[in-house]
Each structure stands twice: as structure tokens, then as C-alpha cells.
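Structure below is protein-v2.pdb: PDB, C-alpha atoms.
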```pdb
MODEL        1
ATOM      1  CA  MET A1094      54.205 114.460 117.432
ATOM      2  CA  SER A1095      56.186 111.242 117.896
ATOM      3  CA  GLU A1096      56.253 109.508 121.260
ATOM      4  CA  GLU A1097      60.026 109.881 121.330
ATOM      5  CA  ARG A1098      59.748 113.650 120.873
ATOM      6  CA  LYS A1099      57.070 113.884 123.585
ATOM      7  CA  ALA A1100      59.301 111.974 125.992
ATOM      8  CA  TRP A1101      62.217 114.329 125.414
ATOM      9  CA  LEU A1102      60.103 117.478 125.665
ATOM     10  CA  SER A1103      58.725 116.310 129.010
ATOM     11  CA  ARG A1104      62.183 116.545 130.595
ATOM     12  CA  GLN A1105      62.725 119.378 133.055
ATOM     13  CA  PRO A1106      65.212 122.100 132.090
ATOM     14  CA  ARG A1107      68.455 122.237 134.071
ATOM     15  CA  GLU A1108      68.938 125.986 134.358
ATOM     16  CA  GLU A1109      71.839 126.001 136.822
ATOM     17  CA  LEU A1110      73.844 123.577 134.730
ATOM     18  CA  ALA A1111      73.091 125.654 131.640
ATOM     19  CA  LYS A1112      74.496 128.793 133.301
ATOM     20  CA  LYS A1113      77.715 127.042 134.303
ATOM     21  CA  LEU A1114      78.178 125.514 130.863
ATOM     22  CA  GLY A1115      77.459 128.896 129.282
ATOM     23  CA  ILE A1116      80.366 130.460 131.169
ATOM     24  CA  ALA A1117      82.578 127.547 130.115
ATOM     25  CA  ALA A1118      81.483 128.095 126.493
ATOM     26  CA  TRP A1119      82.648 131.728 126.564
ATOM     27  CA  ILE A1120      86.002 130.731 128.097
ATOM     28  CA  LEU A1121      86.470 127.971 125.516
ATOM     29  CA  THR A1122      85.569 130.341 122.678
ATOM     30  CA  ALA A1123      88.098 132.935 123.875
ATOM     31  CA  ALA A1124      90.809 130.253 124.182
ATOM     32  CA  ILE A1125      90.149 128.869 120.691
ATOM     33  CA  LEU A1126      90.038 132.284 119.007
ATOM     34  CA  GLY A1127      93.192 133.252 120.893
ATOM     35  CA  LEU A1128      95.010 130.160 119.611
ATOM     36  CA  VAL A1129      93.801 130.765 116.054
ATOM     37  CA  GLY A1130      95.102 134.333 116.207
ATOM     38  CA  LEU A1131      98.400 133.265 117.762
ATOM     39  CA  MET A1132      99.130 130.450 115.331
ATOM     40  CA  ARG A1133      99.733 132.935 112.504
ATOM     41  CA  GLN A1134     102.368 134.722 114.573
ATOM     42  CA  VAL A1135     104.154 131.787 116.236
ATOM     43  CA  LYS A1136     105.787 128.889 114.420
ATOM     44  CA  ILE A1137     107.047 125.731 116.122
ATOM     45  CA  THR A1138     109.883 123.887 114.398
ATOM     46  CA  LEU A1139     109.247 120.184 113.951
ATOM     47  CA  PRO A1140     112.038 117.586 114.260
ATOM     48  CA  ASP A1141     113.845 116.661 111.036
ATOM     49  CA  GLY A1142     111.858 114.228 108.952
ATOM     50  CA  VAL A1143     108.549 115.080 110.630
ATOM     51  CA  SER A1144     105.901 116.713 108.476
ATOM     52  CA  LEU A1145     102.229 117.519 109.012
ATOM     53  CA  SER A1146     101.597 118.066 105.303
ATOM     54  CA  PHE A1147      99.000 115.267 105.386
ATOM     55  CA  LEU A1148      96.699 117.356 107.584
ATOM     56  CA  PRO A1149      95.039 119.750 105.062
ATOM     57  CA  PRO A1150      93.242 116.924 103.197
ATOM     58  CA  PHE A1151      92.408 115.409 106.587
ATOM     59  CA  HIS A1152      90.842 118.743 107.625
ATOM     60  CA  ALA A1153      88.744 118.772 104.468
ATOM     61  CA  ALA A1154      87.607 115.177 105.058
ATOM     62  CA  VAL A1155      86.649 115.890 108.673
ATOM     63  CA  ASN A1156      84.668 118.978 107.654
ATOM     64  CA  ALA A1157      82.920 117.051 104.889
ATOM     65  CA  ALA A1158      82.034 114.282 107.352
ATOM     66  CA  ALA A1159      80.671 116.911 109.774
ATOM     67  CA  ALA A1160      78.479 118.343 107.008
ATOM     68  CA  VAL A1161      77.023 114.904 106.248
ATOM     69  CA  VAL A1162      76.411 114.213 109.929
ATOM     70  CA  LEU A1163      74.686 117.588 110.360
ATOM     71  CA  VAL A1164      72.309 116.850 107.493
ATOM     72  CA  ILE A1165      71.479 113.464 109.057
ATOM     73  CA  ALA A1166      70.888 115.235 112.384
ATOM     74  CA  LEU A1167      68.453 117.649 110.735
ATOM     75  CA  ILE A1168      66.515 114.872 109.012
ATOM     76  CA  ALA A1169      66.392 112.912 112.277
ATOM     77  CA  VAL A1170      64.938 115.779 114.315
ATOM     78  CA  LEU A1171      62.378 116.583 111.605
ATOM     79  CA  LYS A1172      61.205 112.981 111.817
ATOM     80  CA  GLY A1173      61.038 113.093 115.609
ATOM     81  CA  ARG A1174      63.972 110.744 116.077
ATOM     82  CA  ILE A1175      65.521 112.725 118.901
ATOM     83  CA  ALA A1176      67.956 110.061 120.134
ATOM     84  CA  LEU A1177      69.469 109.769 116.637
ATOM     85  CA  HIS A1178      69.554 113.557 116.363
ATOM     86  CA  ARG A1179      71.501 113.799 119.626
ATOM     87  CA  ARG A1180      73.966 111.107 118.525
ATOM     88  CA  MET A1181      74.592 112.892 115.241
ATOM     89  CA  ILE A1182      75.076 116.273 116.914
ATOM     90  CA  LEU A1183      77.504 114.706 119.405
ATOM     91  CA  THR A1184      79.364 113.186 116.451
ATOM     92  CA  ALA A1185      79.479 116.571 114.714
ATOM     93  CA  MET A1186      80.827 118.159 117.898
ATOM     94  CA  VAL A1187      83.551 115.491 118.190
ATOM     95  CA  LEU A1188      84.490 115.995 114.523
ATOM     96  CA  SER A1189      84.647 119.761 115.052
ATOM     97  CA  VAL A1190      86.925 119.379 118.088
ATOM     98  CA  LEU A1191      89.142 116.977 116.127
ATOM     99  CA  PHE A1192      89.311 119.479 113.281
ATOM    100  CA  LEU A1193      90.185 122.390 115.573
ATOM    101  CA  LEU A1194      92.979 120.503 117.331
ATOM    102  CA  SER A1195      94.425 119.318 114.037
ATOM    103  CA  TYR A1196      94.019 122.720 112.363
ATOM    104  CA  VAL A1197      95.824 124.552 115.168
ATOM    105  CA  ALA A1198      98.617 121.937 115.243
ATOM    106  CA  TYR A1199      99.137 122.298 111.490
ATOM    107  CA  HIS A1200      99.244 126.105 111.436
ATOM    108  CA  PHE A1201     101.546 126.311 114.460
ATOM    109  CA  THR A1202     104.074 124.127 112.628
ATOM    110  CA  SER A1203     103.603 124.871 108.922
ATOM    111  CA  ASN A1204     103.745 127.926 106.693
ATOM    112  CA  GLU A1205     100.451 129.132 105.317
ATOM    113  CA  VAL A1206      99.737 128.281 101.693
ATOM    114  CA  LYS A1207      98.187 131.141  99.747
ATOM    115  CA  TYR A1208      95.949 130.968  96.706
ATOM    116  CA  GLY A1209      97.663 132.365  93.634
ATOM    117  CA  ASP A1210     101.237 131.515  94.584
ATOM    118  CA  LEU A1211     101.541 130.808  90.882
ATOM    119  CA  ASN A1212     102.617 134.126  89.364
ATOM    120  CA  LEU A1213      99.871 135.645  87.218
ATOM    121  CA  ASP A1214     102.502 137.712  85.409
ATOM    122  CA  GLY A1215     103.657 134.478  83.821
ATOM    123  CA  ILE A1216     100.286 134.048  82.118
ATOM    124  CA  VAL A1217     100.479 135.761  78.739
ATOM    125  CA  ASP A1218      96.927 135.219  77.488
ATOM    126  CA  ALA A1219      94.624 138.001  78.762
ATOM    127  CA  ALA A1220      91.607 135.693  79.044
ATOM    128  CA  GLU A1221      93.576 133.192  81.130
ATOM    129  CA  ARG A1222      94.858 136.007  83.376
ATOM    130  CA  ALA A1223      91.317 137.297  83.905
ATOM    131  CA  SER A1224      90.040 133.787  84.651
ATOM    132  CA  ALA A1225      92.847 133.095  87.142
ATOM    133  CA  GLY A1226      92.318 136.447  88.839
ATOM    134  CA  GLY A1227      88.558 135.891  88.965
ATOM    135  CA  MET A1228      88.933 132.497  90.617
ATOM    136  CA  ARG A1229      91.283 134.010  93.189
ATOM    137  CA  THR A1230      88.611 136.587  94.018
ATOM    138  CA  VAL A1231      85.996 133.838  94.389
ATOM    139  CA  TYR A1232      88.344 131.879  96.640
ATOM    140  CA  LEU A1233      89.113 134.876  98.851
ATOM    141  CA  LEU A1234      85.417 135.754  99.205
ATOM    142  CA  LEU A1235      84.593 132.159 100.091
ATOM    143  CA  LEU A1236      87.505 131.884 102.537
ATOM    144  CA  THR A1237      86.676 135.213 104.192
ATOM    145  CA  SER A1238      83.034 134.231 104.715
ATOM    146  CA  HIS A1239      84.150 130.816 106.003
ATOM    147  CA  ILE A1240      86.537 132.316 108.580
ATOM    148  CA  ILE A1241      84.191 135.065 109.761
ATOM    149  CA  LEU A1242      81.179 132.772 110.111
ATOM    150  CA  ALA A1243      83.280 130.100 111.842
ATOM    151  CA  ALA A1244      84.414 132.633 114.434
ATOM    152  CA  VAL A1245      80.969 134.197 114.881
ATOM    153  CA  SER A1246      79.077 130.903 115.034
ATOM    154  CA  LEU A1247      81.464 129.117 117.435
ATOM    155  CA  PRO A1248      79.999 130.361 120.751
ATOM    156  CA  PHE A1249      76.446 130.045 119.442
ATOM    157  CA  ILE A1250      77.023 126.453 118.335
ATOM    158  CA  LEU A1251      78.102 125.774 121.914
ATOM    159  CA  PHE A1252      75.084 127.641 123.334
ATOM    160  CA  THR A1253      72.719 125.703 121.066
ATOM    161  CA  PHE A1254      74.299 122.424 122.116
ATOM    162  CA  ILE A1255      74.124 123.411 125.791
ATOM    163  CA  ALA A1256      70.450 124.381 125.475
ATOM    164  CA  GLY A1257      69.610 120.946 124.061
ATOM    165  CA  TRP A1258      71.830 119.121 126.561
ATOM    166  CA  THR A1259      70.166 120.872 129.519
ATOM    167  CA  ASN A1260      66.609 120.306 128.235
ATOM    168  CA  ARG A1261      65.986 123.986 127.430
ATOM    169  CA  PHE A1262      64.212 122.967 124.251
ATOM    170  CA  SER A1263      62.575 126.296 123.378
ATOM    171  CA  ALA A1264      65.947 128.055 123.511
ATOM    172  CA  HIS A1265      67.548 125.183 121.617
ATOM    173  CA  LYS A1266      65.013 125.391 118.806
ATOM    174  CA  ARG A1267      65.185 129.204 118.643
ATOM    175  CA  LEU A1268      68.980 129.174 118.350
ATOM    176  CA  ALA A1269      69.197 126.171 116.026
ATOM    177  CA  ARG A1270      67.038 127.833 113.363
ATOM    178  CA  TRP A1271      69.844 130.221 112.444
ATOM    179  CA  VAL A1272      72.921 128.563 114.001
ATOM    180  CA  PHE A1273      72.471 125.280 112.120
ATOM    181  CA  PRO A1274      72.685 126.861 108.622
ATOM    182  CA  LEU A1275      75.824 128.755 109.646
ATOM    183  CA  TRP A1276      77.453 125.589 111.024
ATOM    184  CA  LEU A1277      76.547 123.665 107.874
ATOM    185  CA  TYR A1278      77.879 126.478 105.653
ATOM    186  CA  VAL A1279      81.201 126.491 107.512
ATOM    187  CA  ALA A1280      81.442 122.681 107.291
ATOM    188  CA  VAL A1281      80.751 122.696 103.533
ATOM    189  CA  THR A1282      82.948 125.651 102.565
ATOM    190  CA  GLY A1283      85.956 124.198 104.396
ATOM    191  CA  PRO A1284      86.438 121.338 101.900
ATOM    192  CA  VAL A1285      85.574 123.651  98.985
ATOM    193  CA  CYS A1286      88.320 126.090 100.033
ATOM    194  CA  TYR A1287      90.774 123.202 100.340
ATOM    195  CA  LEU A1288      89.953 121.878  96.866
ATOM    196  CA  MET A1289      90.426 125.360  95.386
ATOM    197  CA  LEU A1290      93.756 125.787  97.222
ATOM    198  CA  ARG A1291      95.022 122.270  96.531
ATOM    199  CA  PRO A1292      96.953 123.124  93.294
ATOM    200  CA  PHE A1293      99.105 125.598  95.235
ATOM    201  CA  TYR A1294     100.342 123.188  97.913
ATOM    202  CA  PRO A1295     104.043 122.223  97.532
TER
ENDMDL
END
```

Here is a file; write its structure as C-alpha cells.
Amino acid sequence: MSEERKAWLSRQPREELAKKLGIAAWILTAAILGLVGLMRQVKITLPDGVSLSFLPPFHAAVNAAAAVVLVIALIAVLKGRIALHRRMILTAMVLSVLFLLSYVAYHFTSNEVKYGDLNLDGIVDAAERASAGGMRTVYLLLLTSHIILAAVSLPFILFTFIAGWTNRFSAHKRLARWVFPLWLYVAVTGPVCYLMLRPFYP
């Protein structure tokens, strides 16, 4: 065990702070999920000449950056470089917050783009129709898993972060073993979904 890891593990857990932050995590999760649900029902009209059409590729880039940072964080903790691990996780959290704010702003002001807006009836060749329909199915399965796992993992990402921040290292490690793969999956599938949907943007 590295000296750096030993030094971190020797820190005393801050249980009271963890409880308070845990309550805040549930409130934040409810607020975010509420906004995500509301943004599909409410549309805000932007001033003439203002467009947020640049945001979808930005979302994909932020998610891709988060995925890279998460991998670095994993390598760092496996090597006992806890300070680097913490910096990378903080960076991933900042990127995730940036993504959420941008994502909500875009969907509150822009119409949703759907995969397959190109009419399949216009494709005469049966093989091409089957291929196009098959890719749409793949996209929808990927998008559905991305959305569900993003919603499910959100509070647990916060709980895992809180456990590490408050020196509850056993809880942090126990949660991270299954939360980290979910977070990484969500970060990777975001850009993949965008790339698959890109041909259908206006």
C-alpha cells in the first residue's frame, strides 16, 4: 500500500457531514429529475436570431471528456495516487454539472430531434430498409439504457462522492465498485447516441 493511500485511509470519517450531504443529494436528485421531466413538456421561446443548436455536439464532447477523466481517476486510485484520483473525480463532477445545465437549457428551448426522421417509406430497396430499421432499433436500445442508467445512477454517484469526501472509505469503495461502471457507461453512450443521431439534425 502506498504511503499516500495510507495517509488518506488514516483520516477520520465525518458521519454528521455525510448525513447532511446525503439529504442534499436526494433533494438535488429530485430537482434534476423534475427538470428533465418538465423540459419535454415546457418550451421557452428564444429571442429572434438566438439559437442553441451548437449545444448537442458540446454535450457529446463534455460526456466524452468525462469518460476520459473517469478512466484516469480509476487508474490513479489503482496506483494509490489518491490526490490525483480526487482531482479527476472532482473534474468529472464539474463536467457532469456543466452537461446537465447545458442539456436542460437546450431541451427547454429546442425541439427534440428523433432518430429516423428520414422516412423509411422512401427507401425502396428492402435490404436498405431493413438496415435502416435495424440501426434505429440499436439506437433506441442504446438511448433507453443511457437514460435509465443516468437517472438510476445519479443519486448513487452523489452518495459515492459524498462517502469519499467525508472519509467514509469503506462505503466509498463498496459503492464505487458498481457505480463507477454505470457512470462510465452513461458518459460513453452519450457521445455514441449523438453520433448516431447527428444525420437527423436540421

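Interatomic distance, CA of Ala1160 (chain A) to CA of Ala1280 (chain A): 5.3 Å.
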
| task | For His1178 (chain A), list every protein, DNA or RNA residue within 12 Å, evaluated using only C-alpha atoms, and leave out those in the same chain fewer than 2 positions away; present the list as a VMD selection string. | result | chain A and resid 1097 to 1098 1101 1162 to 1176 1180 to 1185 1254 1257 to 1258

Output, as JSON, the centre and edge lengths in Å (one decimal) of the axis-aligned box that contains all listed atoms of region 1263-1277 of chain A with 5 Å of margin on each side.
```
{"center_x": 70.0, "center_y": 126.9, "center_z": 115.7, "size_x": 24.9, "size_y": 16.6, "size_z": 25.6}
```

| Which residues, written as a ChimeraX atom specification, have at least one atom at most 9 Å from region 1192-1206 of chain A, with only C-alpha atoms counted and residues fewer than 2 positions away on the same chain left out? | /A:1125,1128-1129,1131-1139,1144-1146,1148-1149,1151-1153,1155-1156,1187-1190,1208,1210,1290,1293-1295

| query | So which one's closest to Thr1282 (chain A), A:Ala1158, A:Leu1236, A:Leu1110, A:Ile1116? Using only C-alpha atoms, please. | reply | A:Leu1236

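The smallest atom-to-atom distance between Ala1243 (chain A) and any of A:Val1272, A:Ala1157, A:Leu1121, A:Val1279, using only C-alpha atoms, is found for A:Val1279.
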
| message | Residues proximal to (65.6, 126.4, 123.6) were defined as those with any atom within 12 Å of that point in the file's coordinates, counting all atoms listed in the file. Which are they, as JSON, numbers by chain? | response | {"A": [1102, 1106, 1107, 1108, 1111, 1252, 1253, 1254, 1255, 1256, 1257, 1258, 1259, 1260, 1261, 1262, 1263, 1264, 1265, 1266, 1267, 1268, 1269, 1270]}

| task | Given the file shown, enumerate the residues that the PyMOL selection byres ((chain A and resi 1238) around 12) captures and present them as a ChimeraX atom specification. | result | /A:1231-1237,1239-1246,1275,1278-1283,1286

| message | One decimal, in Å: what's the spacing between CA of Pro1150 (chain A) and CA of Arg1229 (chain A)? | response | 19.9 Å

| remark: Between CA of Ile1250 (chain A) and CA of Phe1273 (chain A) lies a distance of 7.8 Å

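With distances restricted to only C-alpha atoms, A:Ile1120 is the closest residue to Leu1251 (chain A) from A:Met1289, A:Leu1191, A:Ile1120, A:Leu1277.
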